$ cat structure15.pdb   # PDB, C-alpha atoms
MODEL        1
ATOM      1  CA  MET A   1      74.399  91.387 117.202
ATOM      2  CA  THR A   2      75.615  94.924 117.877
ATOM      3  CA  ILE A   3      78.887  96.617 118.762
ATOM      4  CA  LEU A   4      77.343  97.495 122.136
ATOM      5  CA  GLN A   5      76.716  93.811 122.866
ATOM      6  CA  LEU A   6      80.331  93.011 121.962
ATOM      7  CA  LYS A   7      81.583  95.730 124.303
ATOM      8  CA  TYR A   8      79.385  94.311 127.088
ATOM      9  CA  VAL A   9      80.730  90.753 126.860
ATOM     10  CA  ILE A  10      84.326  92.027 126.657
ATOM     11  CA  ALA A  11      83.793  94.028 129.865
ATOM     12  CA  ILE A  12      82.281  91.004 131.623
ATOM     13  CA  ALA A  13      85.214  88.809 130.554
ATOM     14  CA  GLU A  14      87.684  91.387 131.873
ATOM     15  CA  GLU A  15      85.884  91.886 135.215
ATOM     16  CA  CYS A  16      84.895  88.213 135.700
ATOM     17  CA  SER A  17      81.764  89.596 137.334
ATOM     18  CA  MET A  18      78.366  90.727 136.073
ATOM     19  CA  ARG A  19      78.053  93.231 138.919
ATOM     20  CA  LYS A  20      81.461  94.812 138.371
ATOM     21  CA  ALA A  21      80.923  94.948 134.608
ATOM     22  CA  ALA A  22      77.504  96.601 135.113
ATOM     23  CA  ASP A  23      79.066  99.238 137.371
ATOM     24  CA  ARG A  24      81.817  99.883 134.831
ATOM     25  CA  LEU A  25      79.334 100.177 131.946
ATOM     26  CA  TYR A  26      76.810 102.269 133.939
ATOM     27  CA  VAL A  27      73.952  99.819 133.281
ATOM     28  CA  SER A  28      71.837  97.728 135.614
ATOM     29  CA  GLN A  29      72.886  94.164 136.282
ATOM     30  CA  PRO A  30      69.549  92.694 135.085
ATOM     31  CA  SER A  31      69.816  94.669 131.820
ATOM     32  CA  LEU A  32      73.347  93.394 131.293
ATOM     33  CA  SER A  33      72.318  89.798 132.016
ATOM     34  CA  ASN A  34      69.420  90.053 129.555
ATOM     35  CA  THR A  35      71.736  91.445 126.861
ATOM     36  CA  VAL A  36      74.143  88.540 127.279
ATOM     37  CA  ARG A  37      71.296  86.008 127.294
ATOM     38  CA  ASP A  38      69.900  87.468 124.041
ATOM     39  CA  LEU A  39      73.331  87.319 122.415
ATOM     40  CA  GLU A  40      73.899  83.720 123.524
ATOM     41  CA  THR A  41      70.513  82.749 122.099
ATOM     42  CA  GLU A  42      71.315  84.469 118.793
ATOM     43  CA  LEU A  43      74.732  82.782 118.543
ATOM     44  CA  GLY A  44      73.646  79.405 119.841
ATOM     45  CA  ILE A  45      76.544  79.202 122.312
ATOM     46  CA  GLN A  46      77.094  79.779 126.021
ATOM     47  CA  ILE A  47      79.588  82.616 126.513
ATOM     48  CA  PHE A  48      79.774  82.662 130.323
ATOM     49  CA  GLU A  49      79.302  80.167 133.100
ATOM     50  CA  ARG A  50      78.333  81.333 136.595
ATOM     51  CA  VAL A  51      80.582  80.344 139.508
ATOM     52  CA  HIS A  52      80.304  81.078 143.236
ATOM     53  CA  ASN A  53      82.276  84.350 143.033
ATOM     54  CA  GLY A  54      81.318  85.630 139.561
ATOM     55  CA  VAL A  55      81.491  84.294 135.990
ATOM     56  CA  VAL A  56      84.078  82.494 133.876
ATOM     57  CA  THR A  57      84.346  82.401 130.106
ATOM     58  CA  THR A  58      83.521  79.109 128.421
ATOM     59  CA  SER A  59      85.734  77.658 125.710
ATOM     60  CA  ALA A  60      83.261  78.750 123.014
ATOM     61  CA  GLY A  61      82.947  82.129 124.729
ATOM     62  CA  ALA A  62      86.709  82.685 124.766
ATOM     63  CA  SER A  63      86.887  82.081 121.017
ATOM     64  CA  PHE A  64      83.966  84.451 120.408
ATOM     65  CA  ILE A  65      85.434  87.196 122.609
ATOM     66  CA  ALA A  66      88.724  87.065 120.691
ATOM     67  CA  TYR A  67      86.794  87.912 117.518
ATOM     68  CA  ALA A  68      84.728  90.473 119.418
ATOM     69  CA  ARG A  69      87.857  92.329 120.571
ATOM     70  CA  SER A  70      89.126  92.527 116.992
ATOM     71  CA  ALA A  71      85.757  93.815 115.733
ATOM     72  CA  VAL A  72      85.532  96.455 118.466
ATOM     73  CA  GLU A  73      89.103  97.620 117.868
ATOM     74  CA  GLN A  74      88.404  98.078 114.147
ATOM     75  CA  PHE A  75      85.144  99.880 114.913
ATOM     76  CA  GLU A  76      86.916 102.276 117.285
ATOM     77  CA  ILE A  77      89.587 103.026 114.665
ATOM     78  CA  ILE A  78      86.890 103.921 112.114
ATOM     79  CA  GLU A  79      84.907 105.867 114.716
ATOM     80  CA  LYS A  80      87.960 107.885 115.734
ATOM     81  CA  LYS A  81      88.843 108.715 112.133
ATOM     82  CA  TYR A  82      85.380 109.759 110.961
ATOM     83  CA  SER A  83      83.494 110.935 114.047
ATOM     84  CA  ASP A  84      84.806 114.504 113.677
ATOM     85  CA  ARG A  85      85.535 115.378 110.044
ATOM     86  CA  GLY A  86      86.696 118.860 111.031
ATOM     87  CA  LYS A  87      89.762 117.340 112.661
ATOM     88  CA  ASP A  88      90.927 115.225 109.717
ATOM     89  CA  LYS A  89      94.663 115.205 109.146
ATOM     90  CA  PRO A  90      95.839 117.167 106.068
ATOM     91  CA  THR A  91      96.591 114.796 103.181
ATOM     92  CA  PHE A  92      98.703 115.008 100.032
ATOM     93  CA  SER A  93      99.963 112.276  97.718
ATOM     94  CA  VAL A  94     102.418 112.125  94.819
ATOM     95  CA  SER A  95     103.536 109.289  92.536
ATOM     96  CA  MET A  96     106.719 109.458  90.473
ATOM     97  CA  GLN A  97     109.262 107.636  88.421
ATOM     98  CA  HIS A  98     112.696 107.232  90.000
ATOM     99  CA  TYR A  99     113.920 110.845  90.183
ATOM    100  CA  THR A 100     115.790 112.443  93.063
ATOM    101  CA  PHE A 101     114.728 115.962  92.061
ATOM    102  CA  ALA A 102     111.068 115.027  92.579
ATOM    103  CA  VAL A 103     111.819 113.541  96.005
ATOM    104  CA  ASN A 104     113.672 116.738  96.962
ATOM    105  CA  ALA A 105     110.714 118.844  95.787
ATOM    106  CA  PHE A 106     108.436 116.719  97.983
ATOM    107  CA  ILE A 107     110.753 117.213 100.968
ATOM    108  CA  GLU A 108     110.742 120.996 100.543
ATOM    109  CA  THR A 109     106.952 120.996 100.175
ATOM    110  CA  VAL A 110     106.437 118.977 103.361
ATOM    111  CA  LYS A 111     108.756 121.363 105.225
ATOM    112  CA  GLN A 112     106.582 124.265 104.118
ATOM    113  CA  PHE A 113     103.356 122.489 105.097
ATOM    114  CA  ASP A 114     104.585 120.880 108.300
ATOM    115  CA  CYS A 115     101.941 120.769 111.031
ATOM    116  CA  GLU A 116     101.070 118.916 114.228
ATOM    117  CA  GLU A 117      99.404 116.062 112.321
ATOM    118  CA  PHE A 118      99.378 115.090 108.643
ATOM    119  CA  GLN A 119      99.072 112.108 106.308
ATOM    120  CA  TYR A 120     101.322 112.606 103.266
ATOM    121  CA  SER A 121     102.272 109.963 100.722
ATOM    122  CA  ILE A 122     105.002 109.590  98.107
ATOM    123  CA  ARG A 123     105.238 106.592  95.773
ATOM    124  CA  GLU A 124     108.366 106.058  93.701
ATOM    125  CA  THR A 125     107.117 103.439  91.290
ATOM    126  CA  GLN A 126     106.724 102.165  87.727
ATOM    127  CA  THR A 127     105.512 104.364  84.869
ATOM    128  CA  GLY A 128     102.205 102.546  84.478
ATOM    129  CA  GLU A 129     101.536 102.753  88.206
ATOM    130  CA  VAL A 130     102.170 106.512  88.203
ATOM    131  CA  ILE A 131      99.509 106.912  85.520
ATOM    132  CA  GLU A 132      97.058 104.593  87.312
ATOM    133  CA  ASP A 133      97.586 106.361  90.645
ATOM    134  CA  VAL A 134      96.676 109.755  89.198
ATOM    135  CA  LYS A 135      93.829 108.376  87.081
ATOM    136  CA  ASN A 136      92.288 106.633  90.108
ATOM    137  CA  MET A 137      92.894 109.640  92.407
ATOM    138  CA  LYS A 138      95.346 107.736  94.589
ATOM    139  CA  SER A 139      97.779 110.584  93.911
ATOM    140  CA  GLU A 140      97.103 114.213  93.100
ATOM    141  CA  ILE A 141     100.213 114.562  90.921
ATOM    142  CA  GLY A 142     102.425 112.167  88.979
ATOM    143  CA  VAL A 143     105.969 113.002  87.872
ATOM    144  CA  ILE A 144     107.264 111.317  84.718
ATOM    145  CA  ALA A 145     109.622 111.837  81.775
ATOM    146  CA  LEU A 146     108.787 111.330  78.116
ATOM    147  CA  SER A 147     111.294 110.520  75.408
ATOM    148  CA  ASP A 148     111.194 111.325  71.708
ATOM    149  CA  PHE A 149     110.340 107.649  71.206
ATOM    150  CA  ASN A 150     107.273 107.409  73.436
ATOM    151  CA  LYS A 151     105.968 110.976  73.540
ATOM    152  CA  ASN A 152     103.203 110.492  70.952
ATOM    153  CA  THR A 153     102.129 107.185  72.489
ATOM    154  CA  PHE A 154     101.729 108.762  75.898
ATOM    155  CA  LYS A 155      99.789 111.708  74.515
ATOM    156  CA  LYS A 156      97.165 109.184  73.400
ATOM    157  CA  ILE A 157      97.297 107.339  76.744
ATOM    158  CA  PHE A 158      96.780 110.610  78.611
ATOM    159  CA  ALA A 159      93.855 111.548  76.387
ATOM    160  CA  ASP A 160      92.232 108.125  76.890
ATOM    161  CA  THR A 161      92.607 108.319  80.668
ATOM    162  CA  SER A 162      91.513 111.975  81.036
ATOM    163  CA  LEU A 163      94.931 113.135  82.190
ATOM    164  CA  GLU A 164      96.953 116.225  81.316
ATOM    165  CA  PHE A 165     100.731 116.362  80.943
ATOM    166  CA  LYS A 166     102.394 119.622  81.980
ATOM    167  CA  GLU A 167     105.947 120.073  80.717
ATOM    168  CA  LEU A 168     108.610 121.232  83.191
ATOM    169  CA  PHE A 169     111.960 121.073  81.346
ATOM    170  CA  THR A 170     114.036 118.989  78.938
ATOM    171  CA  ARG A 171     117.385 117.244  79.407
ATOM    172  CA  ASN A 172     119.873 115.449  77.191
ATOM    173  CA  SER A 173     121.015 111.882  77.798
ATOM    174  CA  PHE A 174     123.990 111.010  79.998
ATOM    175  CA  VAL A 175     125.621 107.872  81.352
ATOM    176  CA  TYR A 176     125.872 107.335  85.123
ATOM    177  CA  LEU A 177     129.074 105.571  86.232
ATOM    178  CA  ARG A 178     131.049 105.072  89.410
ATOM    179  CA  LYS A 179     133.730 107.755  89.628
ATOM    180  CA  ASP A 180     136.591 105.264  89.377
ATOM    181  CA  HIS A 181     135.012 103.334  86.505
ATOM    182  CA  PRO A 182     137.547 102.623  83.704
ATOM    183  CA  LEU A 183     135.553 104.879  81.352
ATOM    184  CA  ALA A 184     134.618 107.622  83.842
ATOM    185  CA  LYS A 185     137.316 110.094  82.711
ATOM    186  CA  LYS A 186     136.031 110.319  79.153
ATOM    187  CA  LYS A 187     134.178 113.481  78.105
ATOM    188  CA  GLU A 188     131.744 111.499  75.976
ATOM    189  CA  LEU A 189     130.782 107.829  75.736
ATOM    190  CA  SER A 190     128.957 105.711  73.208
ATOM    191  CA  LEU A 191     126.894 102.640  74.011
ATOM    192  CA  ASP A 192     129.342 100.564  71.968
ATOM    193  CA  GLU A 193     132.088 101.465  74.436
ATOM    194  CA  LEU A 194     129.873 100.301  77.300
ATOM    195  CA  VAL A 195     128.807  97.017  75.738
ATOM    196  CA  ASP A 196     130.789  94.819  78.151
ATOM    197  CA  TYR A 197     129.386  96.484  81.265
ATOM    198  CA  PRO A 198     125.899  95.797  82.726
ATOM    199  CA  CYS A 199     123.264  98.476  82.258
ATOM    200  CA  MET A 200     120.717  99.169  85.015
ATOM    201  CA  VAL A 201     117.133  99.608  83.838
ATOM    202  CA  PHE A 202     114.002 100.020  85.920
ATOM    203  CA  ASP A 203     111.552  97.137  85.909
ATOM    204  CA  GLN A 204     108.113  98.161  84.619
ATOM    205  CA  GLY A 205     106.232  95.131  85.915
ATOM    206  CA  ASP A 206     102.954  94.449  84.109
ATOM    207  CA  TYR A 207     103.650  97.391  81.789
ATOM    208  CA  ASN A 208     106.611  95.602  80.221
ATOM    209  CA  SER A 209     106.787  97.622  77.026
ATOM    210  CA  PHE A 210     109.490  99.772  75.446
ATOM    211  CA  TYR A 211     107.024 102.663  75.583
ATOM    212  CA  TYR A 212     106.867 102.573  79.391
ATOM    213  CA  ARG A 213     110.621 102.635  79.933
ATOM    214  CA  GLU A 214     111.691 105.765  81.806
ATOM    215  CA  GLU A 215     115.233 105.718  80.419
ATOM    216  CA  ALA A 216     116.194 107.231  77.084
ATOM    217  CA  LEU A 217     116.980 104.935  74.123
ATOM    218  CA  ALA A 218     114.376 102.435  75.296
ATOM    219  CA  THR A 219     114.653 100.180  72.253
ATOM    220  CA  TYR A 220     118.421  99.711  72.481
ATOM    221  CA  ASP A 221     119.309  96.024  72.848
ATOM    222  CA  TYR A 222     121.765  95.935  75.761
ATOM    223  CA  LYS A 223     124.162  93.001  75.765
ATOM    224  CA  LYS A 224     124.034  92.960  79.566
ATOM    225  CA  ALA A 225     121.109  94.396  81.501
ATOM    226  CA  ILE A 226     119.903  94.199  85.101
ATOM    227  CA  CYS A 227     116.348  95.202  86.012
ATOM    228  CA  THR A 228     115.783  96.845  89.386
ATOM    229  CA  ASN A 229     112.813  98.563  90.997
ATOM    230  CA  GLU A 230     114.496 101.209  93.144
ATOM    231  CA  ARG A 231     117.255 103.792  92.829
ATOM    232  CA  ALA A 232     119.208 102.669  95.892
ATOM    233  CA  THR A 233     119.562  99.128  94.545
ATOM    234  CA  SER A 234     120.477 100.409  91.101
ATOM    235  CA  ILE A 235     123.259 102.580  92.521
ATOM    236  CA  GLU A 236     124.630  99.752  94.684
ATOM    237  CA  LEU A 237     124.755  97.488  91.637
ATOM    238  CA  MET A 238     126.517 100.160  89.584
ATOM    239  CA  LEU A 239     129.122 100.542  92.314
ATOM    240  CA  GLY A 240     129.575  96.839  92.887
ATOM    241  CA  LEU A 241     129.535  95.612  89.294
ATOM    242  CA  ASN A 242     131.074  98.530  87.381
ATOM    243  CA  GLY A 243     127.684  98.963  85.813
ATOM    244  CA  TYR A 244     126.030 102.052  84.349
ATOM    245  CA  ALA A 245     122.665 103.640  83.757
ATOM    246  CA  VAL A 246     121.315 106.052  81.195
ATOM    247  CA  GLY A 247     119.763 109.205  82.652
ATOM    248  CA  ALA A 248     119.524 112.972  82.545
ATOM    249  CA  ALA A 249     122.456 114.001  84.786
ATOM    250  CA  MET A 250     120.236 114.979  87.731
ATOM    251  CA  LEU A 251     121.842 113.031  90.536
ATOM    252  CA  GLY A 252     120.810 115.219  93.432
ATOM    253  CA  GLU A 253     122.426 114.882  96.848
ATOM    254  CA  SER A 254     120.872 111.754  98.309
ATOM    255  CA  LEU A 255     121.878 108.127  98.773
ATOM    256  CA  ASN A 256     125.489 107.382  97.828
ATOM    257  CA  VAL A 257     125.510 109.362  94.598
ATOM    258  CA  SER A 258     128.717 111.054  95.723
ATOM    259  CA  ASP A 259     130.440 108.001  94.241
ATOM    260  CA  ILE A 260     128.643 108.429  90.897
ATOM    261  CA  THR A 261     129.467 110.708  87.978
ATOM    262  CA  ALA A 262     127.684 111.548  84.729
ATOM    263  CA  VAL A 263     129.282 111.475  81.273
ATOM    264  CA  LYS A 264     127.613 112.796  78.133
ATOM    265  CA  LEU A 265     126.156 110.058  75.936
ATOM    266  CA  LYS A 266     127.014 110.127  72.238
ATOM    267  CA  GLU A 267     123.656 108.594  71.217
ATOM    268  CA  GLN A 268     121.420 111.467  72.237
ATOM    269  CA  GLU A 269     117.686 111.349  72.939
ATOM    270  CA  LEU A 270     115.942 114.271  74.575
ATOM    271  CA  LEU A 271     113.948 113.578  77.749
ATOM    272  CA  THR A 272     110.989 115.850  78.530
ATOM    273  CA  PHE A 273     110.176 115.992  82.242
ATOM    274  CA  GLY A 274     106.759 116.971  83.470
ATOM    275  CA  TYR A 275     103.856 116.132  85.725
ATOM    276  CA  ILE A 276     100.412 114.688  85.110
ATOM    277  CA  ILE A 277      97.138 115.628  86.769
ATOM    278  CA  ARG A 278      93.523 114.718  86.174
ATOM    279  CA  LYS A 279      92.062 116.766  83.339
ATOM    280  CA  GLY A 280      90.294 119.871  84.584
ATOM    281  CA  SER A 281      91.330 119.363  88.202
ATOM    282  CA  LYS A 282      92.561 122.229  90.365
ATOM    283  CA  LEU A 283      95.705 121.723  92.374
ATOM    284  CA  SER A 284      95.551 121.938  96.132
ATOM    285  CA  ASP A 285      97.668 124.573  97.854
ATOM    286  CA  MET A 286     100.228 121.888  98.631
ATOM    287  CA  GLY A 287     100.106 120.649  95.053
ATOM    288  CA  LYS A 288     100.798 124.168  93.762
ATOM    289  CA  ILE A 289     103.866 124.495  95.989
ATOM    290  CA  PHE A 290     105.109 121.051  94.930
ATOM    291  CA  VAL A 291     104.855 122.039  91.262
ATOM    292  CA  LYS A 292     106.629 125.314  92.032
ATOM    293  CA  LYS A 293     109.479 123.329  93.600
ATOM    294  CA  LEU A 294     109.638 121.085  90.530
ATOM    295  CA  LYS A 295     109.845 124.087  88.233
ATOM    296  CA  ALA A 296     112.749 125.459  90.280
ATOM    297  CA  VAL A 297     114.985 122.515  89.298
ATOM    298  CA  LYS A 298     118.060 123.704  87.426
TER     299      LYS A 298
ENDMDL
END

$ encode --input "structure15.pdb" --output "structure tokens"
Amino acid sequence: MTILQLKYVIAIAEECSMRKAADRLYVSQPSLSNTVRDLETELGIQIFERVHNGVVTTSAGASFIAYARSAVEQFEIIEKKYSDRGKDKPTFSVSMQHYTFAVNAFIETVKQFDCEEFQYSIRETQTGEVIEDVKNMKSEIGVIALSDFNKNTFKKIFADTSLEFKELFTRNSFVYLRKDHPLAKKKELSLDELVDYPCMVFDQGDYNSFYYREEALATYDYKKAICTNERATSIELMLGLNGYAVGAAMLGESLNVSDITAVKLKEQELLTFGYIIRKGSKLSDMGKIFVKKLKAVK
């Protein structure tokens, strides 16, 4: 069975005529009939039945042609993508923890490399997935933050997975709160003062370890905690439940962060932001610009 045979029977089914299908396919009618006969013999079914004004599809033939259409469609997709490698769409992919500044850097990079066609990808995901994406070349760059608590652990993980961590900048720990939160007016807050409010932490899925937490003070035992997997949900929960999150006071200008404020946290832990790449790899032109945008964060 060949793709050409599948295309032939699809054309016959659409034309309901061997002659019309032969004209459409630019082949002789006897050649077309022989091709169909060979295919029917191979499959052990009758695809078409002759009638006085052409052919009709049998029940078995109709089922086969449905599969044939799907196979031909998939073949044409692959053929279109790989028949002319010189016309491939530009590609670029980034994975990151949940940071607005990295999303903004991606936006500015795409603006600079905008073109008629492209295939860019950004994954805001769990810490372990960021590492796996870069290790397995699903993403060229991964953006993560290390804390004083997990820095040494991740240095070993990076070494074992042939990755390099490039430091960008460091930030102190802050508390994110809704602007009209009862504690929002304070200049500094301790976790003890926040004990009765729910804390938002990002779910790390299969990598459910303190070391993979992207927030500072990963080992702190919160009385009330809600795990989420995206920033938008986390912010909505903070607004709706008078909750809070621990971060680095880099809110950006997206989502509904205009309703959120940052207050210095008394229990300080330094967060080191950076990006990971495969060891020894050279950044693409787009990757270089993305890193430049990351470094420009104030």

$ closest_residue --input "structure15.pdb" --among "A:Leu217, A:Ile3, A:Ala159, A:Val291" --to "Tyr67 (chain A)" --atoms "only C-alpha atoms"
A:Ile3

$ atom_distance --input "structure15.pdb" --atom1 "CA of Phe165 (chain A)" --atom2 "CA of Thr233 (chain A)"
28.9 Å

$ atom_distance --input "structure15.pdb" --atom1 "CA of Gly274 (chain A)" --atom2 "CA of Cys199 (chain A)"
24.8 Å

$ residues_around --input "structure15.pdb" --residues "region 72-78 of chain A" --least-positions-apart "6" --cutoff "12 Å" --atoms "only C-alpha atoms" --output "count of residues only"
14

$ closest_residue --input "structure15.pdb" --among "A:Lys292, A:Arg213, A:Lys187, A:Arg69" --to "Val201 (chain A)" --atoms "only C-alpha atoms"
A:Arg213

$ resolve_selection --input "structure15.pdb" --expression "the PyMOL selection byres ((chain A and resi 231) around 10)" --output "compact mmCIF listing (two decimals) with C-alpha atoms, in the coordinates of the input"
# COMPACT_ATOMS: atom_id res chain seq x y z
CA GLN A 97 109.26 107.64 88.42
CA HIS A 98 112.70 107.23 90.00
CA TYR A 99 113.92 110.84 90.18
CA THR A 100 115.79 112.44 93.06
CA GLU A 124 108.37 106.06 93.70
CA MET A 200 120.72 99.17 85.02
CA VAL A 201 117.13 99.61 83.84
CA PHE A 202 114.00 100.02 85.92
CA THR A 228 115.78 96.84 89.39
CA ASN A 229 112.81 98.56 91.00
CA GLU A 230 114.50 101.21 93.14
CA ALA A 232 119.21 102.67 95.89
CA THR A 233 119.56 99.13 94.54
CA SER A 234 120.48 100.41 91.10
CA ILE A 235 123.26 102.58 92.52
CA GLU A 236 124.63 99.75 94.68
CA LEU A 237 124.76 97.49 91.64
CA LEU A 255 121.88 108.13 98.77

$ closest_atom_pairs --input "structure15.pdb" --of "region 128-182 of chain A" --to "region 260-269 of chain A" --cutoff "9 Å" --atoms "all atoms listed in the file" --output "Markdown table"
| residue | atom | partner | partner_atom | distance |
| --- | --- | --- | --- | --- |
| A:Ser147 | CA | A:Glu269 | CA | 6.9 |
| A:Asp148 | CA | A:Glu269 | CA | 6.6 |
| A:Phe149 | CA | A:Glu269 | CA | 8.4 |
| A:Arg171 | CA | A:Glu269 | CA | 8.8 |
| A:Asn172 | CA | A:Glu269 | CA | 6.3 |
| A:Ser173 | CA | A:Gln268 | CA | 5.6 |
| A:Phe174 | CA | A:Lys264 | CA | 4.4 |
| A:Val175 | CA | A:Val263 | CA | 5.1 |
| A:Tyr176 | CA | A:Ala262 | CA | 4.6 |
| A:Leu177 | CA | A:Thr261 | CA | 5.4 |
| A:Arg178 | CA | A:Ile260 | CA | 4.4 |
| A:Lys179 | CA | A:Ile260 | CA | 5.3 |
| A:Asp180 | CA | A:Ile260 | CA | 8.7 |

$ atom_distance --input "structure15.pdb" --atom1 "CA of Glu167 (chain A)" --atom2 "CA of Thr127 (chain A)"
16.3 Å

$ resolve_selection --input "structure15.pdb" --expression "the PyMOL selection byres ((chain A and resi 168) around 9)" --output "mmCIF file with C-alpha atoms, keeping the file's coordinate frame"
data_model
loop_
_atom_site.group_PDB
_atom_site.id
_atom_site.type_symbol
_atom_site.label_atom_id
_atom_site.label_comp_id
_atom_site.auth_asym_id
_atom_site.auth_seq_id
_atom_site.Cartn_x
_atom_site.Cartn_y
_atom_site.Cartn_z
ATOM 1 C CA LYS A 166 102.394 119.622 81.980
ATOM 2 C CA GLU A 167 105.947 120.073 80.717
ATOM 3 C CA PHE A 169 111.960 121.073 81.346
ATOM 4 C CA THR A 170 114.036 118.989 78.938
ATOM 5 C CA THR A 272 110.989 115.850 78.530
ATOM 6 C CA PHE A 273 110.176 115.992 82.242
ATOM 7 C CA GLY A 274 106.759 116.971 83.470
ATOM 8 C CA TYR A 275 103.856 116.132 85.725
ATOM 9 C CA VAL A 291 104.855 122.039 91.262
ATOM 10 C CA LEU A 294 109.638 121.085 90.530
ATOM 11 C CA LYS A 295 109.845 124.087 88.233
ATOM 12 C CA VAL A 297 114.985 122.515 89.298
#

$ resolve_selection --input "structure15.pdb" --expression "the PyMOL selection byres ((chain A and resi 287) around 9)" --output "list of chain:residue names"
A:Phe92, A:Ser93, A:Val94, A:Thr109, A:Glu140, A:Ile141, A:Leu283, A:Ser284, A:Asp285, A:Met286, A:Lys288, A:Ile289, A:Phe290, A:Val291, A:Lys292

$ residues_near_point --input "structure15.pdb" --point "(106.3, 104.3, 78.8)" --cutoff "12 Å" --atoms "all atoms listed in the file" --output "MDAnalysis selection string"
chainID A and resid 97 126:131 144:158 202:219

$ closest_residue --input "structure15.pdb" --among "A:Gln29, A:Gln46, A:Ser281, A:Thr35" --to "Glu164 (chain A)" --atoms "all atoms listed in the file"
A:Ser281

$ residues_near_point --input "structure15.pdb" --point "(94.7, 118.6, 105.1)" --cutoff "10 Å" --atoms "all atoms listed in the file" --output "number ranges by chain"
A: 86-92, 113, 115, 117-120, 284-286

$ write_last_selection --input "structure15.pdb" --atoms "C-alpha atoms" --output "mmCIF file, keeping the file's coordinate frame"
data_model
loop_
_atom_site.group_PDB
_atom_site.id
_atom_site.type_symbol
_atom_site.label_atom_id
_atom_site.label_comp_id
_atom_site.auth_asym_id
_atom_site.auth_seq_id
_atom_site.Cartn_x
_atom_site.Cartn_y
_atom_site.Cartn_z
ATOM 1 C CA GLY A 86 86.696 118.860 111.031
ATOM 2 C CA LYS A 87 89.762 117.340 112.661
ATOM 3 C CA ASP A 88 90.927 115.225 109.717
ATOM 4 C CA LYS A 89 94.663 115.205 109.146
ATOM 5 C CA PRO A 90 95.839 117.167 106.068
ATOM 6 C CA THR A 91 96.591 114.796 103.181
ATOM 7 C CA PHE A 92 98.703 115.008 100.032
ATOM 8 C CA PHE A 113 103.356 122.489 105.097
ATOM 9 C CA CYS A 115 101.941 120.769 111.031
ATOM 10 C CA GLU A 117 99.404 116.062 112.321
ATOM 11 C CA PHE A 118 99.378 115.090 108.643
ATOM 12 C CA GLN A 119 99.072 112.108 106.308
ATOM 13 C CA TYR A 120 101.322 112.606 103.266
ATOM 14 C CA SER A 284 95.551 121.938 96.132
ATOM 15 C CA ASP A 285 97.668 124.573 97.854
ATOM 16 C CA MET A 286 100.228 121.888 98.631
#

$ decode --input "structure15.pdb" --residues "region 163-174 of chain A" --atoms "N, CA and C atoms" --output "JSON list (two decimals), in the first residue's frame"
[["chain", "number", "residue", "atom", "x", "y", "z"],
["A", 163, "LEU", "N", 24.44, 21.21, 32.46],
["A", 163, "LEU", "CA", 23.86, 22.54, 32.29],
["A", 163, "LEU", "C", 24.75, 23.58, 32.97],
["A", 164, "GLU", "N", 24.64, 24.81, 32.53],
["A", 164, "GLU", "CA", 25.36, 25.93, 33.14],
["A", 164, "GLU", "C", 24.37, 26.96, 33.64],
["A", 165, "PHE", "N", 24.61, 27.49, 34.82],
["A", 165, "PHE", "CA", 23.77, 28.55, 35.38],
["A", 165, "PHE", "C", 24.52, 29.87, 35.26],
["A", 166, "LYS", "N", 23.89, 30.85, 34.63],
["A", 166, "LYS", "CA", 24.47, 32.17, 34.46],
["A", 166, "LYS", "C", 23.70, 33.18, 35.32],
["A", 167, "GLU", "N", 24.39, 33.76, 36.28],
["A", 167, "GLU", "CA", 23.71, 34.69, 37.20],
["A", 167, "GLU", "C", 23.37, 36.01, 36.50],
["A", 168, "LEU", "N", 22.17, 36.53, 36.81],
["A", 168, "LEU", "CA", 21.72, 37.81, 36.28],
["A", 168, "LEU", "C", 21.75, 38.90, 37.34],
["A", 169, "PHE", "N", 21.06, 38.66, 38.47],
["A", 169, "PHE", "CA", 20.99, 39.65, 39.56],
["A", 169, "PHE", "C", 20.44, 38.98, 40.81],
["A", 170, "THR", "N", 20.51, 39.67, 41.93],
["A", 170, "THR", "CA", 19.97, 39.16, 43.19],
["A", 170, "THR", "C", 18.90, 40.10, 43.72],
["A", 171, "ARG", "N", 17.97, 39.55, 44.49],
["A", 171, "ARG", "CA", 16.89, 40.33, 45.09],
["A", 171, "ARG", "C", 16.59, 39.82, 46.49],
["A", 172, "ASN", "N", 16.17, 40.74, 47.36],
["A", 172, "ASN", "CA", 15.74, 40.36, 48.69],
["A", 172, "ASN", "C", 14.30, 39.86, 48.67],
["A", 173, "SER", "N", 13.84, 39.35, 49.77],
["A", 173, "SER", "CA", 12.50, 38.77, 49.86],
["A", 173, "SER", "C", 11.47, 39.81, 50.28],
["A", 174, "PHE", "N", 10.31, 39.76, 49.63],
["A", 174, "PHE", "CA", 9.19, 40.64, 49.93],
["A", 174, "PHE", "C", 7.91, 39.81, 50.03]]
